[in-house]
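The next block is structure-v7.txt, given as compact mmCIF, N, CA and C atoms.
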# COMPACT_ATOMS: atom_id res chain seq x y z
N MET A 1 -6.98 16.54 -6.76
CA MET A 1 -6.19 15.52 -6.13
C MET A 1 -4.91 16.14 -5.58
N GLU A 2 -4.55 15.70 -4.39
CA GLU A 2 -3.29 16.13 -3.78
C GLU A 2 -2.46 14.91 -3.47
N ILE A 3 -1.15 15.03 -3.67
CA ILE A 3 -0.22 13.94 -3.38
C ILE A 3 0.94 14.51 -2.57
N ALA A 4 1.29 13.80 -1.50
CA ALA A 4 2.45 14.16 -0.69
C ALA A 4 3.26 12.89 -0.44
N VAL A 5 4.57 13.01 -0.55
CA VAL A 5 5.45 11.86 -0.36
C VAL A 5 6.38 12.13 0.81
N SER A 6 6.50 11.16 1.70
CA SER A 6 7.47 11.25 2.80
C SER A 6 8.27 9.95 2.83
N ARG A 7 9.50 10.05 3.27
CA ARG A 7 10.39 8.88 3.33
C ARG A 7 10.55 8.42 4.77
N HIS A 8 10.66 7.11 4.93
CA HIS A 8 10.80 6.51 6.26
C HIS A 8 11.85 5.40 6.18
N GLY A 9 12.24 4.92 7.34
CA GLY A 9 13.26 3.88 7.41
C GLY A 9 14.62 4.50 7.66
N ASP A 10 15.58 3.67 8.03
CA ASP A 10 16.92 4.14 8.36
C ASP A 10 17.58 4.87 7.20
N MET A 11 17.29 4.43 5.97
CA MET A 11 17.92 5.04 4.80
C MET A 11 16.89 5.59 3.83
N GLY A 12 15.69 5.87 4.33
CA GLY A 12 14.65 6.40 3.46
C GLY A 12 14.17 5.40 2.44
N GLU A 13 14.26 4.11 2.79
CA GLU A 13 13.96 3.06 1.82
C GLU A 13 12.46 2.79 1.67
N ILE A 14 11.64 3.44 2.49
CA ILE A 14 10.19 3.28 2.40
C ILE A 14 9.58 4.65 2.10
N ALA A 15 8.70 4.70 1.11
CA ALA A 15 8.02 5.95 0.78
C ALA A 15 6.54 5.81 1.13
N VAL A 16 6.04 6.79 1.86
CA VAL A 16 4.60 6.87 2.12
C VAL A 16 4.05 7.92 1.16
N VAL A 17 3.14 7.49 0.31
CA VAL A 17 2.53 8.38 -0.68
C VAL A 17 1.09 8.61 -0.26
N ARG A 18 0.80 9.84 0.18
CA ARG A 18 -0.55 10.19 0.62
C ARG A 18 -1.31 10.80 -0.55
N VAL A 19 -2.46 10.21 -0.85
CA VAL A 19 -3.28 10.67 -1.96
C VAL A 19 -4.65 11.05 -1.41
N SER A 20 -5.09 12.25 -1.76
CA SER A 20 -6.43 12.67 -1.33
C SER A 20 -7.16 13.30 -2.51
N GLY A 21 -8.47 13.28 -2.42
CA GLY A 21 -9.29 13.84 -3.49
C GLY A 21 -9.77 12.77 -4.44
N VAL A 22 -9.69 13.07 -5.72
CA VAL A 22 -10.27 12.22 -6.76
C VAL A 22 -9.20 11.84 -7.79
N VAL A 23 -9.13 10.54 -8.11
CA VAL A 23 -8.30 10.09 -9.22
C VAL A 23 -9.26 9.75 -10.35
N ASP A 24 -9.32 10.65 -11.33
CA ASP A 24 -10.22 10.48 -12.47
C ASP A 24 -9.46 10.79 -13.76
N SER A 25 -10.17 10.95 -14.86
CA SER A 25 -9.50 11.16 -16.14
C SER A 25 -8.63 12.42 -16.16
N GLU A 26 -8.95 13.39 -15.32
CA GLU A 26 -8.16 14.62 -15.29
C GLU A 26 -6.92 14.52 -14.41
N THR A 27 -6.93 13.62 -13.43
CA THR A 27 -5.82 13.56 -12.47
C THR A 27 -5.02 12.26 -12.54
N VAL A 28 -5.51 11.28 -13.28
CA VAL A 28 -4.86 9.97 -13.26
C VAL A 28 -3.42 10.02 -13.76
N GLU A 29 -3.13 10.88 -14.72
CA GLU A 29 -1.76 10.99 -15.23
C GLU A 29 -0.82 11.48 -14.14
N SER A 30 -1.24 12.49 -13.38
CA SER A 30 -0.42 13.01 -12.27
C SER A 30 -0.21 11.94 -11.20
N PHE A 31 -1.25 11.16 -10.93
CA PHE A 31 -1.18 10.06 -9.96
C PHE A 31 -0.09 9.08 -10.39
N GLY A 32 -0.13 8.66 -11.63
CA GLY A 32 0.87 7.72 -12.14
C GLY A 32 2.27 8.30 -12.13
N GLU A 33 2.39 9.56 -12.52
CA GLU A 33 3.71 10.21 -12.56
C GLU A 33 4.32 10.31 -11.17
N ALA A 34 3.50 10.60 -10.16
CA ALA A 34 4.01 10.71 -8.80
C ALA A 34 4.57 9.38 -8.31
N LEU A 35 3.87 8.30 -8.61
CA LEU A 35 4.34 6.97 -8.19
C LEU A 35 5.57 6.55 -9.00
N GLU A 36 5.57 6.86 -10.28
CA GLU A 36 6.74 6.55 -11.12
C GLU A 36 7.98 7.30 -10.63
N LYS A 37 7.80 8.55 -10.20
CA LYS A 37 8.92 9.35 -9.72
C LYS A 37 9.57 8.70 -8.50
N VAL A 38 8.73 8.22 -7.56
CA VAL A 38 9.26 7.56 -6.36
C VAL A 38 10.04 6.30 -6.75
N MET A 39 9.46 5.50 -7.63
CA MET A 39 10.15 4.27 -8.05
C MET A 39 11.39 4.61 -8.88
N GLY A 40 11.34 5.69 -9.63
CA GLY A 40 12.48 6.12 -10.42
C GLY A 40 13.67 6.51 -9.55
N GLU A 41 13.38 6.87 -8.30
CA GLU A 41 14.44 7.19 -7.32
C GLU A 41 14.96 5.93 -6.64
N GLY A 42 14.51 4.77 -7.10
CA GLY A 42 14.99 3.50 -6.56
C GLY A 42 14.25 3.01 -5.34
N CYS A 43 13.12 3.60 -5.03
CA CYS A 43 12.35 3.19 -3.86
C CYS A 43 11.18 2.31 -4.31
N TYR A 44 11.23 1.04 -3.91
CA TYR A 44 10.19 0.09 -4.30
C TYR A 44 9.43 -0.45 -3.10
N ASN A 45 9.60 0.15 -1.95
CA ASN A 45 8.79 -0.16 -0.78
C ASN A 45 7.84 1.01 -0.58
N LEU A 46 6.59 0.84 -0.98
CA LEU A 46 5.64 1.94 -0.98
C LEU A 46 4.44 1.64 -0.08
N VAL A 47 4.04 2.68 0.65
CA VAL A 47 2.78 2.65 1.39
C VAL A 47 1.90 3.70 0.73
N LEU A 48 0.80 3.27 0.17
CA LEU A 48 -0.14 4.17 -0.49
C LEU A 48 -1.24 4.52 0.51
N ASP A 49 -1.13 5.71 1.10
CA ASP A 49 -2.10 6.17 2.11
C ASP A 49 -3.25 6.86 1.37
N ILE A 50 -4.39 6.18 1.32
CA ILE A 50 -5.52 6.69 0.54
C ILE A 50 -6.70 7.09 1.43
N GLU A 51 -6.38 7.47 2.66
CA GLU A 51 -7.44 7.86 3.59
C GLU A 51 -8.31 8.98 3.01
N GLY A 52 -7.70 9.93 2.34
CA GLY A 52 -8.43 11.07 1.80
C GLY A 52 -8.96 10.87 0.39
N LEU A 53 -8.77 9.68 -0.16
CA LEU A 53 -9.22 9.41 -1.52
C LEU A 53 -10.73 9.17 -1.52
N THR A 54 -11.44 9.92 -2.34
CA THR A 54 -12.90 9.77 -2.38
C THR A 54 -13.40 9.04 -3.62
N TYR A 55 -12.54 8.96 -4.65
CA TYR A 55 -12.94 8.27 -5.89
C TYR A 55 -11.69 7.89 -6.65
N ILE A 56 -11.73 6.71 -7.28
CA ILE A 56 -10.66 6.30 -8.18
C ILE A 56 -11.28 5.56 -9.35
N ASN A 57 -10.85 5.91 -10.57
CA ASN A 57 -11.41 5.27 -11.75
C ASN A 57 -10.61 4.02 -12.11
N THR A 58 -11.03 3.34 -13.16
CA THR A 58 -10.36 2.09 -13.54
C THR A 58 -8.91 2.34 -13.98
N ALA A 59 -8.64 3.48 -14.59
CA ALA A 59 -7.26 3.80 -14.97
C ALA A 59 -6.38 3.93 -13.72
N GLY A 60 -6.92 4.52 -12.67
CA GLY A 60 -6.20 4.64 -11.41
C GLY A 60 -5.93 3.28 -10.79
N LEU A 61 -6.93 2.39 -10.87
CA LEU A 61 -6.75 1.03 -10.35
C LEU A 61 -5.68 0.29 -11.16
N SER A 62 -5.65 0.54 -12.45
CA SER A 62 -4.64 -0.07 -13.31
C SER A 62 -3.24 0.39 -12.91
N ILE A 63 -3.11 1.66 -12.57
CA ILE A 63 -1.82 2.18 -12.11
C ILE A 63 -1.39 1.49 -10.83
N ILE A 64 -2.32 1.30 -9.89
CA ILE A 64 -2.00 0.60 -8.64
C ILE A 64 -1.51 -0.82 -8.96
N ALA A 65 -2.19 -1.50 -9.88
CA ALA A 65 -1.77 -2.86 -10.26
C ALA A 65 -0.36 -2.84 -10.86
N ASP A 66 -0.08 -1.87 -11.73
CA ASP A 66 1.25 -1.76 -12.34
C ASP A 66 2.33 -1.49 -11.30
N VAL A 67 2.02 -0.61 -10.34
CA VAL A 67 2.98 -0.28 -9.28
C VAL A 67 3.25 -1.50 -8.42
N PHE A 68 2.19 -2.25 -8.08
CA PHE A 68 2.35 -3.49 -7.31
C PHE A 68 3.31 -4.44 -8.03
N LYS A 69 3.11 -4.60 -9.33
CA LYS A 69 3.94 -5.50 -10.12
C LYS A 69 5.39 -5.02 -10.16
N LYS A 70 5.58 -3.72 -10.39
CA LYS A 70 6.93 -3.16 -10.47
C LYS A 70 7.66 -3.28 -9.13
N CYS A 71 6.95 -3.01 -8.05
CA CYS A 71 7.57 -3.14 -6.72
C CYS A 71 8.00 -4.59 -6.49
N SER A 72 7.12 -5.54 -6.80
CA SER A 72 7.43 -6.95 -6.60
C SER A 72 8.62 -7.39 -7.44
N GLN A 73 8.68 -6.92 -8.68
CA GLN A 73 9.79 -7.29 -9.57
C GLN A 73 11.13 -6.74 -9.08
N ASN A 74 11.08 -5.70 -8.25
CA ASN A 74 12.30 -5.08 -7.74
C ASN A 74 12.53 -5.36 -6.26
N ARG A 75 12.03 -6.50 -5.82
CA ARG A 75 12.19 -6.97 -4.43
C ARG A 75 11.61 -6.00 -3.40
N GLY A 76 10.59 -5.28 -3.81
CA GLY A 76 9.90 -4.37 -2.90
C GLY A 76 8.48 -4.83 -2.67
N SER A 77 7.68 -3.92 -2.15
CA SER A 77 6.31 -4.27 -1.84
C SER A 77 5.45 -3.02 -1.79
N LEU A 78 4.20 -3.17 -2.16
CA LEU A 78 3.21 -2.09 -2.07
C LEU A 78 2.21 -2.45 -1.00
N LYS A 79 1.96 -1.53 -0.09
CA LYS A 79 0.94 -1.68 0.95
C LYS A 79 -0.06 -0.55 0.79
N ILE A 80 -1.30 -0.81 1.15
CA ILE A 80 -2.32 0.24 1.12
C ILE A 80 -2.69 0.57 2.54
N LEU A 81 -2.83 1.86 2.81
CA LEU A 81 -3.11 2.34 4.16
C LEU A 81 -4.41 3.13 4.17
N ARG A 82 -5.23 2.84 5.18
CA ARG A 82 -6.45 3.59 5.50
C ARG A 82 -7.39 3.81 4.31
N ALA A 83 -7.82 2.73 3.70
CA ALA A 83 -8.81 2.84 2.62
C ALA A 83 -10.19 3.02 3.24
N ALA A 84 -10.88 4.09 2.85
CA ALA A 84 -12.24 4.32 3.32
C ALA A 84 -13.14 3.20 2.80
N ASP A 85 -14.25 2.95 3.47
CA ASP A 85 -15.11 1.82 3.13
C ASP A 85 -15.49 1.72 1.65
N PRO A 86 -15.95 2.81 1.01
CA PRO A 86 -16.31 2.66 -0.41
C PRO A 86 -15.13 2.27 -1.30
N ILE A 87 -13.96 2.82 -0.99
CA ILE A 87 -12.76 2.49 -1.77
C ILE A 87 -12.32 1.06 -1.46
N ARG A 88 -12.40 0.68 -0.20
CA ARG A 88 -12.01 -0.69 0.19
C ARG A 88 -12.91 -1.72 -0.49
N GLU A 89 -14.20 -1.41 -0.57
CA GLU A 89 -15.13 -2.31 -1.25
C GLU A 89 -14.74 -2.47 -2.72
N LEU A 90 -14.35 -1.38 -3.35
CA LEU A 90 -13.91 -1.42 -4.74
C LEU A 90 -12.64 -2.27 -4.87
N LEU A 91 -11.70 -2.08 -3.95
CA LEU A 91 -10.46 -2.87 -3.96
C LEU A 91 -10.77 -4.35 -3.79
N ASP A 92 -11.80 -4.65 -3.00
CA ASP A 92 -12.22 -6.03 -2.79
C ASP A 92 -12.84 -6.61 -4.06
N VAL A 93 -13.68 -5.82 -4.72
CA VAL A 93 -14.33 -6.28 -5.95
C VAL A 93 -13.30 -6.63 -7.02
N VAL A 94 -12.26 -5.80 -7.16
CA VAL A 94 -11.23 -6.07 -8.16
C VAL A 94 -10.14 -7.00 -7.63
N ARG A 95 -10.36 -7.54 -6.46
CA ARG A 95 -9.51 -8.55 -5.81
C ARG A 95 -8.12 -8.07 -5.39
N PHE A 96 -7.93 -6.78 -5.29
CA PHE A 96 -6.65 -6.26 -4.81
C PHE A 96 -6.40 -6.69 -3.37
N THR A 97 -7.48 -6.84 -2.59
CA THR A 97 -7.32 -7.21 -1.18
C THR A 97 -6.76 -8.62 -1.03
N LYS A 98 -6.77 -9.40 -2.10
CA LYS A 98 -6.20 -10.76 -2.06
C LYS A 98 -4.69 -10.73 -2.25
N ILE A 99 -4.17 -9.67 -2.89
CA ILE A 99 -2.73 -9.65 -3.19
C ILE A 99 -1.97 -8.51 -2.52
N ILE A 100 -2.68 -7.45 -2.13
CA ILE A 100 -2.04 -6.29 -1.53
C ILE A 100 -2.47 -6.18 -0.07
N ASP A 101 -1.50 -6.08 0.83
CA ASP A 101 -1.81 -5.92 2.26
C ASP A 101 -2.42 -4.55 2.50
N ILE A 102 -3.49 -4.52 3.28
CA ILE A 102 -4.15 -3.26 3.62
C ILE A 102 -4.07 -3.07 5.13
N PHE A 103 -3.63 -1.90 5.53
CA PHE A 103 -3.44 -1.58 6.95
C PHE A 103 -4.28 -0.38 7.35
N GLU A 104 -4.60 -0.32 8.64
CA GLU A 104 -5.29 0.85 9.19
C GLU A 104 -4.35 1.73 9.99
N ASP A 105 -3.17 1.19 10.35
CA ASP A 105 -2.21 1.91 11.18
C ASP A 105 -0.89 2.08 10.41
N GLU A 106 -0.42 3.32 10.32
CA GLU A 106 0.80 3.59 9.56
C GLU A 106 2.00 2.86 10.16
N GLY A 107 2.09 2.85 11.47
CA GLY A 107 3.21 2.17 12.12
C GLY A 107 3.27 0.69 11.77
N GLU A 108 2.11 0.04 11.75
CA GLU A 108 2.05 -1.37 11.38
C GLU A 108 2.44 -1.58 9.91
N ALA A 109 1.98 -0.67 9.05
CA ALA A 109 2.33 -0.77 7.63
C ALA A 109 3.84 -0.63 7.44
N LEU A 110 4.44 0.34 8.12
CA LEU A 110 5.89 0.53 8.01
C LEU A 110 6.65 -0.65 8.58
N ALA A 111 6.18 -1.17 9.72
CA ALA A 111 6.86 -2.31 10.36
C ALA A 111 6.78 -3.57 9.50
N SER A 112 5.77 -3.67 8.65
CA SER A 112 5.60 -4.87 7.83
C SER A 112 6.71 -5.05 6.80
N PHE A 113 7.51 -4.03 6.57
CA PHE A 113 8.61 -4.13 5.62
C PHE A 113 9.84 -4.79 6.23
N LYS A 114 9.90 -4.90 7.55
CA LYS A 114 11.10 -5.42 8.20
C LYS A 114 11.08 -6.93 8.30

Just give me the structure as structure tokens.
Amino acid sequence: MEIAVSRHGDMGEIAVVRVSGVVDSETVESFGEALEKVMGEGCYNLVLDIEGLTYINTAGLSIIADVFKKCSQNRGSLKILRAADPIRELLDVVRFTKIIDIFEDEGEALASFK
């Protein structure tokens, strides 16, 4: 699994977290720590770019749910960007698509925070 974080917005108030590879029992802790680090820096507007994600386990889904909750509690928001079809189907099954906005275009995802 690889994770890269970039900041956007006039004051870096939006973080785009790009995740690629596999989130499984070996990598889920690093996945959670990376997201916690961004929120620990006071950034609660997150775009989770999962275009390169090929697998995510239930622990990884639980982390996404926790991040969504934490962002909401801190007047922020979590958006998901470029979910591949198998991952999107999984997000639909666990009903994340009912509560988390999913975008195909990064510009649209970033603009949705304004």

Report task. Counting only C-alpha atoms, figure out which residue out of A:Leu110, A:Ala15, A:Ile56, A:Glu29 gets nearest to Cys71 of chain A. Result ->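 With only C-alpha atoms as the atom set, the closest residue is A:Ala15.
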
**Report entry** Residues within 10 Å of Ile64 of chain A, only C-alpha atoms, excluding chain neighbours under 5 positions, as a VMD selection string
**Finding:** chain A and resid 31 to 32 35 48 58 to 59 69 to 70 78 80 96 100

Requested in this report: Within chain A, find each residue whose DSSP state, derived from the backbone, is strand (DSSP E), and express the selection as JSON, numbers by chain.
Outcome: {"A": [2, 3, 4, 5, 6, 7, 8, 14, 15, 16, 17, 18, 19, 20, 21, 22, 23, 45, 46, 47, 48, 49, 50, 51, 52, 53, 54, 55, 56, 77, 78, 79, 80, 81, 101, 102, 103]}

**Report entry** Which residue of A:Val28, A:Leu46, A:Val19, A:Ala34 approaches Phe113 of chain A most closely, using only C-alpha atoms
**Finding:**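 Checking each of A:Val28, A:Leu46, A:Val19, A:Ala34 against Phe113 of chain A, counting only C-alpha atoms, the winner is A:Leu46.
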
Query raised in the report: Can you list, as a ChimeraX atom specification, every residue of chain A that DSSP puts in alpha helix (DSSP H)?
Result: /A:28-40,58-73,85-93,96-99,106-111

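A straight line drawn from atom C of Thr27 of chain A to atom N of Phe68 of chain A is 16.8 Å long.
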
For segment 71-82 of chain A, I'd like the enclosing box, axis-aligned and padded by 4 Å on every side, reported as AutoDock Vina command-line options with centre and edge lengths in Å to one decimal.
--center_x 2.6 --center_y -1.8 --center_z -2.0 --size_x 27.9 --size_y 19.2 --size_z 23.1

List as a CSV table (one decimal) with N, CA and C atoms, in the frame of the given file: which residues have an atom within 8 Å of (-10.6, 9.5, -8.9), counting all atoms listed in the file?
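point28.csv, freshly written:
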chain,number,residue,atom,x,y,z
A,1,MET,N,-7.0,16.5,-6.8
A,1,MET,CA,-6.2,15.5,-6.1
A,1,MET,C,-4.9,16.1,-5.6
A,21,GLY,N,-8.5,13.3,-2.4
A,21,GLY,CA,-9.3,13.8,-3.5
A,21,GLY,C,-9.8,12.8,-4.4
A,22,VAL,N,-9.7,13.1,-5.7
A,22,VAL,CA,-10.3,12.2,-6.8
A,22,VAL,C,-9.2,11.8,-7.8
A,23,VAL,N,-9.1,10.5,-8.1
A,23,VAL,CA,-8.3,10.1,-9.2
A,23,VAL,C,-9.3,9.8,-10.4
A,24,ASP,N,-9.3,10.6,-11.3
A,24,ASP,CA,-10.2,10.5,-12.5
A,24,ASP,C,-9.5,10.8,-13.8
A,25,SER,N,-10.2,11.0,-14.9
A,25,SER,CA,-9.5,11.2,-16.1
A,25,SER,C,-8.6,12.4,-16.2
A,26,GLU,N,-9.0,13.4,-15.3
A,26,GLU,CA,-8.2,14.6,-15.3
A,26,GLU,C,-6.9,14.5,-14.4
A,27,THR,N,-6.9,13.6,-13.4
A,27,THR,CA,-5.8,13.6,-12.5
A,27,THR,C,-5.0,12.3,-12.5
A,28,VAL,N,-5.5,11.3,-13.3
A,28,VAL,CA,-4.9,10.0,-13.3
A,28,VAL,C,-3.4,10.0,-13.8
A,53,LEU,N,-8.8,9.7,-0.2
A,53,LEU,CA,-9.2,9.4,-1.5
A,53,LEU,C,-10.7,9.2,-1.5
A,54,THR,N,-11.4,9.9,-2.3
A,54,THR,CA,-12.9,9.8,-2.4
A,54,THR,C,-13.4,9.0,-3.6
A,55,TYR,N,-12.5,9.0,-4.6
A,55,TYR,CA,-12.9,8.3,-5.9
A,55,TYR,C,-11.7,7.9,-6.6
A,56,ILE,N,-11.7,6.7,-7.3
A,56,ILE,CA,-10.7,6.3,-8.2
A,56,ILE,C,-11.3,5.6,-9.4
A,57,ASN,N,-10.8,5.9,-10.6
A,57,ASN,CA,-11.4,5.3,-11.8
A,57,ASN,C,-10.6,4.0,-12.1
A,58,THR,N,-11.0,3.3,-13.2
A,58,THR,CA,-10.4,2.1,-13.5
A,58,THR,C,-8.9,2.3,-14.0
A,60,GLY,N,-6.9,4.5,-12.7
A,60,GLY,CA,-6.2,4.6,-11.4
A,60,GLY,C,-5.9,3.3,-10.8

Query raised in the report: Got a sec: who's within 8 Å of Ser6 of chain A, counting all atoms listed in the file, leaving out chain neighbours fewer than 3 positions off, as a list in words?
Result: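 Residues meeting the cut-off are Ile3, Gly9, Gly12, Ile14, Ala15, Val16, Val17 and Arg18 of chain A.
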
Query raised in the report: Just how far from atom C of Glu13 of chain A is atom C of Glu41 of chain A, in Å to one decimal?
Result: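 Those two atoms sit 9.2 Å apart.
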
Report task. Go ahead and compute the interatomic distance for atom CA of Lys114 of chain A and atom N of Asp49 of chain A, in Å to one decimal. Result ->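 Separating atom CA of Lys114 of chain A from atom N of Asp49 of chain A is a distance of 18.0 Å.
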
Query raised in the report: In terms of the shortest atom-to-atom distance over only N, CA and C atoms, which of A:Val38, A:Ala65, A:Ile87, A:Leu81 is closest to Ile50 of chain A?
Result: A:Leu81

Requested in this report: Identify which of the residues A:Asp10, A:Glu2, A:Asp85, A:Asp101 lies closest to Ser30 of chain A, counting only C-alpha atoms when measuring atom-to-atom distances.
Outcome: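 Checking each of A:Asp10, A:Glu2, A:Asp85, A:Asp101 against Ser30 of chain A, counting only C-alpha atoms, the winner is A:Glu2.
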
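The residue that comes closest to Asn74 of chain A, out of A:Gly52, A:Pro86, A:Gly40, A:Gly107 and on the basis of only C-alpha atoms, is A:Gly40.
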